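*Asks:* Dumping the structure here so I can ask a few things about it.
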Amino acid sequence: MSEIIAPPPLSTPPALPPAPEPEPKTTPPTTYKLTYFPVKALAEPIRFLLRYAGVEFEDVGITKEHWPEIKNSMPFGQLPVLEMNGKIAHQSIAICRYLAKQSNLMGTNDWENLEIDSIVDSVSEFRQKVSAYFIEKDGEIRAARKKVLVEETLPFYMGKLEEAAIKNNGYLACGRLTWADLFFVGLLDYFNAALETDILNEHPRLQEVKRNVLALPAINEWIQTRPESDY
Ligand SMILES: N[C@@H](CCC(=O)N[C@@H](CS)C(=O)NCC(=O)O)C(=O)O
């Protein structure tokens, strides 16, 4: 009988190098480019919302001279527009609402969102009446429009908004901070410049709305560092 030769002991196979970790799937951050004229006006609520969301954005100010060259390339021939990763959005209120959704500044149900939208639409309605005066070139028409604005339109809208601020405890809707507050306060410099007065003078609860918004750290920092402009 032949001698059974035991097989050599199995040596422990060398440890395989660890499988490479799968590349983490990171979505590149959205790039934001806001295009408007070099003023606050309709773009300022958008800037407030971008700052509140803590995102960096390119802020492009088109001069009056340059505007005719690019007007026709804009979705509805107007500014502001916000480009997000190259996709272009227009209509300032729609843009604000979109940004508010990313920042938890919406209502918590359809009724609350209706409340917010109603305030924003009322502020926008007032803004359009102010603009109709502000952009008018004819001196007589301008004077007539200003008289109506100062004596009727302004007290009416500010009175109604003051009531909203009383009801909502220093905010304009839902009893807490929403994008309606940032929208309104973002437009205040434009209103004050156009009407040459502090439109909140006689409205203490609207002054509180303003204080509440300006006390937000991101907005406060923006106000300190934003470029100077007339309105
Ligand atoms: N409803 C639009 C209004 C935009 C608008 O009126 N834009 C003005 C400047 S505030 C404009 O682009 N004017 C130049 C033009 O119409 O050629 C919005 O809210 O974005």
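Here, A, B, ... name the chains of the structure tokens in the order displayed, residue numbers run from 1 inside each chain, and ligands are numbered from 1 in the same displayed order.
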Restrict the calculation to only C-alpha atoms and all ligand atoms, then for each residue of chain A with any atom at most 10 Å from an atom of ligand 1 give the closest atom pair and their distance in Å to one decimal, rows by chain and rising residue number, as a tab-separated table.
*Replies:*
```
residue	atom	partner	partner_atom_place_in_ligand_line	distance
A:Tyr36	CA	ligand 1	9 (C)	7.6
A:Phe37	CA	ligand 1	9 (C)	7.4
A:Val39	CA	ligand 1	10 (S)	9.3
A:Lys40	CA	ligand 1	10 (S)	9.5
A:Ala41	CA	ligand 1	10 (S)	6.7
A:Leu42	CA	ligand 1	10 (S)	5.7
A:Ala43	CA	ligand 1	20 (O)	8.1
A:Lys64	CA	ligand 1	14 (C)	8.8
A:Trp67	CA	ligand 1	17 (O)	7.6
A:Pro68	CA	ligand 1	17 (O)	7.6
A:Ile70	CA	ligand 1	17 (O)	9.8
A:Lys71	CA	ligand 1	17 (O)	6.5
A:Asn72	CA	ligand 1	17 (O)	9.2
A:Met74	CA	ligand 1	12 (O)	9.2
A:Phe76	CA	ligand 1	4 (C)	8.7
A:Gly77	CA	ligand 1	17 (O)	6.3
A:Gln78	CA	ligand 1	12 (O)	3.4
A:Leu79	CA	ligand 1	12 (O)	3.9
A:Pro80	CA	ligand 1	20 (O)	5.5
A:Val81	CA	ligand 1	20 (O)	7.4
A:Ala89	CA	ligand 1	20 (O)	9.7
A:His90	CA	ligand 1	20 (O)	6.2
A:Gln91	CA	ligand 1	20 (O)	3.5
A:Ser92	CA	ligand 1	20 (O)	3.9
A:Ile93	CA	ligand 1	19 (O)	5.7
A:Ala94	CA	ligand 1	19 (O)	8.0
A:Ile95	CA	ligand 1	20 (O)	8.4
A:Cys96	CA	ligand 1	19 (O)	9.7
A:Ser124	CA	ligand 1	19 (O)	8.0
A:Arg127	CA	ligand 1	19 (O)	9.7
A:Gln128	CA	ligand 1	6 (O)	8.4
A:Ser131	CA	ligand 1	10 (S)	8.1
A:Ile135	CA	ligand 1	10 (S)	9.6
```
*Asks:* Pull N, CA and C atoms from the residues just selected and write them as a CSV table (one decimal), in the first residue's frame.
*Replies:*
```
chain,number,residue,atom,x,y,z
A,36,TYR,N,-32.1,91.3,-14.4
A,36,TYR,CA,-33.1,92.4,-14.2
A,36,TYR,C,-32.4,93.6,-14.6
A,37,PHE,N,-33.0,94.8,-14.3
A,37,PHE,CA,-32.3,96.0,-14.5
A,37,PHE,C,-31.5,96.3,-13.2
A,39,VAL,N,-31.7,97.7,-10.5
A,39,VAL,CA,-32.5,98.3,-9.4
A,39,VAL,C,-33.1,97.1,-8.6
A,40,LYS,N,-33.8,97.6,-7.5
A,40,LYS,CA,-34.4,96.5,-6.6
A,40,LYS,C,-35.7,96.1,-7.2
A,41,ALA,N,-36.7,97.0,-7.1
A,41,ALA,CA,-38.0,96.9,-7.7
A,41,ALA,C,-38.5,95.4,-7.7
A,42,LEU,N,-38.9,94.9,-8.9
A,42,LEU,CA,-39.5,93.6,-9.0
A,42,LEU,C,-38.6,92.4,-8.7
A,43,ALA,N,-37.3,92.7,-8.8
A,43,ALA,CA,-36.4,91.6,-8.5
A,43,ALA,C,-36.0,91.4,-7.1
A,64,LYS,N,-30.4,100.2,-19.6
A,64,LYS,CA,-31.4,100.6,-20.6
A,64,LYS,C,-30.9,100.5,-22.0
A,67,TRP,N,-30.8,96.8,-23.2
A,67,TRP,CA,-32.1,96.1,-23.1
A,67,TRP,C,-32.7,95.8,-24.5
A,68,PRO,N,-32.8,96.7,-25.4
A,68,PRO,CA,-33.5,96.4,-26.7
A,68,PRO,C,-32.8,95.2,-27.4
A,70,ILE,N,-31.7,92.5,-26.1
A,70,ILE,CA,-32.0,91.2,-25.6
A,70,ILE,C,-33.5,90.9,-25.3
A,71,LYS,N,-34.3,92.0,-25.4
A,71,LYS,CA,-35.7,92.0,-25.1
A,71,LYS,C,-36.4,90.8,-25.8
A,72,ASN,N,-36.1,90.6,-27.1
A,72,ASN,CA,-36.9,89.6,-27.8
A,72,ASN,C,-36.4,88.2,-27.5
A,74,MET,N,-36.2,87.2,-24.4
A,74,MET,CA,-36.8,86.9,-23.1
A,74,MET,C,-38.2,86.2,-23.3
A,76,PHE,N,-41.2,86.4,-22.3
A,76,PHE,CA,-42.4,87.3,-22.6
A,76,PHE,C,-41.9,88.8,-22.8
A,77,GLY,N,-40.6,88.9,-23.2
A,77,GLY,CA,-40.1,90.2,-23.5
A,77,GLY,C,-39.9,91.1,-22.3
A,78,GLN,N,-39.9,90.6,-21.1
A,78,GLN,CA,-39.7,91.4,-19.9
A,78,GLN,C,-38.8,90.8,-18.9
A,79,LEU,N,-38.4,91.6,-18.0
A,79,LEU,CA,-37.5,91.1,-16.9
A,79,LEU,C,-38.3,91.4,-15.6
A,80,PRO,N,-38.0,90.7,-14.5
A,80,PRO,CA,-36.9,89.8,-14.3
A,80,PRO,C,-37.1,88.4,-14.8
A,81,VAL,N,-36.0,87.7,-15.1
A,81,VAL,CA,-36.0,86.2,-15.3
A,81,VAL,C,-35.0,85.6,-14.4
A,89,ALA,N,-36.9,80.9,-16.1
A,89,ALA,CA,-38.2,81.1,-15.5
A,89,ALA,C,-38.5,82.6,-15.6
A,90,HIS,N,-39.8,82.9,-15.8
A,90,HIS,CA,-40.1,84.4,-15.9
A,90,HIS,C,-41.4,84.6,-15.0
A,91,GLN,N,-41.8,85.8,-14.9
A,91,GLN,CA,-42.9,86.2,-14.0
A,91,GLN,C,-42.4,86.2,-12.5
A,92,SER,N,-42.3,87.4,-12.0
A,92,SER,CA,-41.6,87.5,-10.6
A,92,SER,C,-42.4,86.7,-9.5
A,93,ILE,N,-43.8,86.8,-9.6
A,93,ILE,CA,-44.5,86.1,-8.6
A,93,ILE,C,-44.4,84.6,-8.7
A,94,ALA,N,-44.5,84.1,-9.9
A,94,ALA,CA,-44.3,82.6,-10.1
A,94,ALA,C,-42.9,82.2,-9.6
A,95,ILE,N,-41.9,83.0,-9.9
A,95,ILE,CA,-40.6,82.6,-9.4
A,95,ILE,C,-40.5,82.6,-7.9
A,96,CYS,N,-41.1,83.7,-7.3
A,96,CYS,CA,-41.1,83.7,-5.8
A,96,CYS,C,-41.8,82.5,-5.2
A,124,SER,N,-49.4,93.0,-5.4
A,124,SER,CA,-49.0,93.2,-6.9
A,124,SER,C,-49.9,94.1,-7.6
A,127,ARG,N,-48.9,97.4,-6.7
A,127,ARG,CA,-47.6,97.7,-7.4
A,127,ARG,C,-47.9,98.2,-8.8
A,128,GLN,N,-48.8,97.5,-9.4
A,128,GLN,CA,-49.1,97.9,-10.8
A,128,GLN,C,-49.7,99.3,-10.9
A,131,SER,N,-46.7,101.6,-10.5
A,131,SER,CA,-45.9,101.6,-11.7
A,131,SER,C,-46.5,102.5,-12.8
A,135,ILE,N,-43.9,105.3,-14.2
A,135,ILE,CA,-43.3,105.2,-15.5
A,135,ILE,C,-43.9,106.2,-16.5
```
*Asks:* Would you pick out the contacts of His203 (chain A) at 12 Å or less, using only C-alpha atoms, so that residues sharing its chain but fewer than 2 positions from it are not included, and give the list as a list in words?
*Replies:*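 Answer for this query is Leu154, Pro155, Phe156, Tyr157, Met158, Gly159, Lys160, Leu161, Glu162, Glu163, Ala164, Ala165, Ile166, Gly170, Asp198, Ile199, Leu200, Asn201, Arg205, Leu206, Gln207, Glu208, Val209 and Lys210 of chain A.
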*Asks:* According to DSSP computed on the backbone, where in region 65-105 of chain A is there strand (DSSP E)? Give the residues as a ChimeraX atom specification.
*Replies:* /A:81-84,87-90
*Asks:* If you run DSSP on the backbone here, which positions in region 82-229 of chain A get helix (DSSP H, G or I)? Please write them as a PyMOL selection string.
*Replies:* chain A and resi 92-102+110-134+139-167+179-195+204-214+217-225
*Asks:* Determine the nearest neighbour of Lys87 (chain A) from the options A:Lys25, A:Lys33, A:Lys129, A:Lys167, counting only C-alpha atoms.
*Replies:*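 Smallest distance to Lys87 (chain A) is found for A:Lys33.
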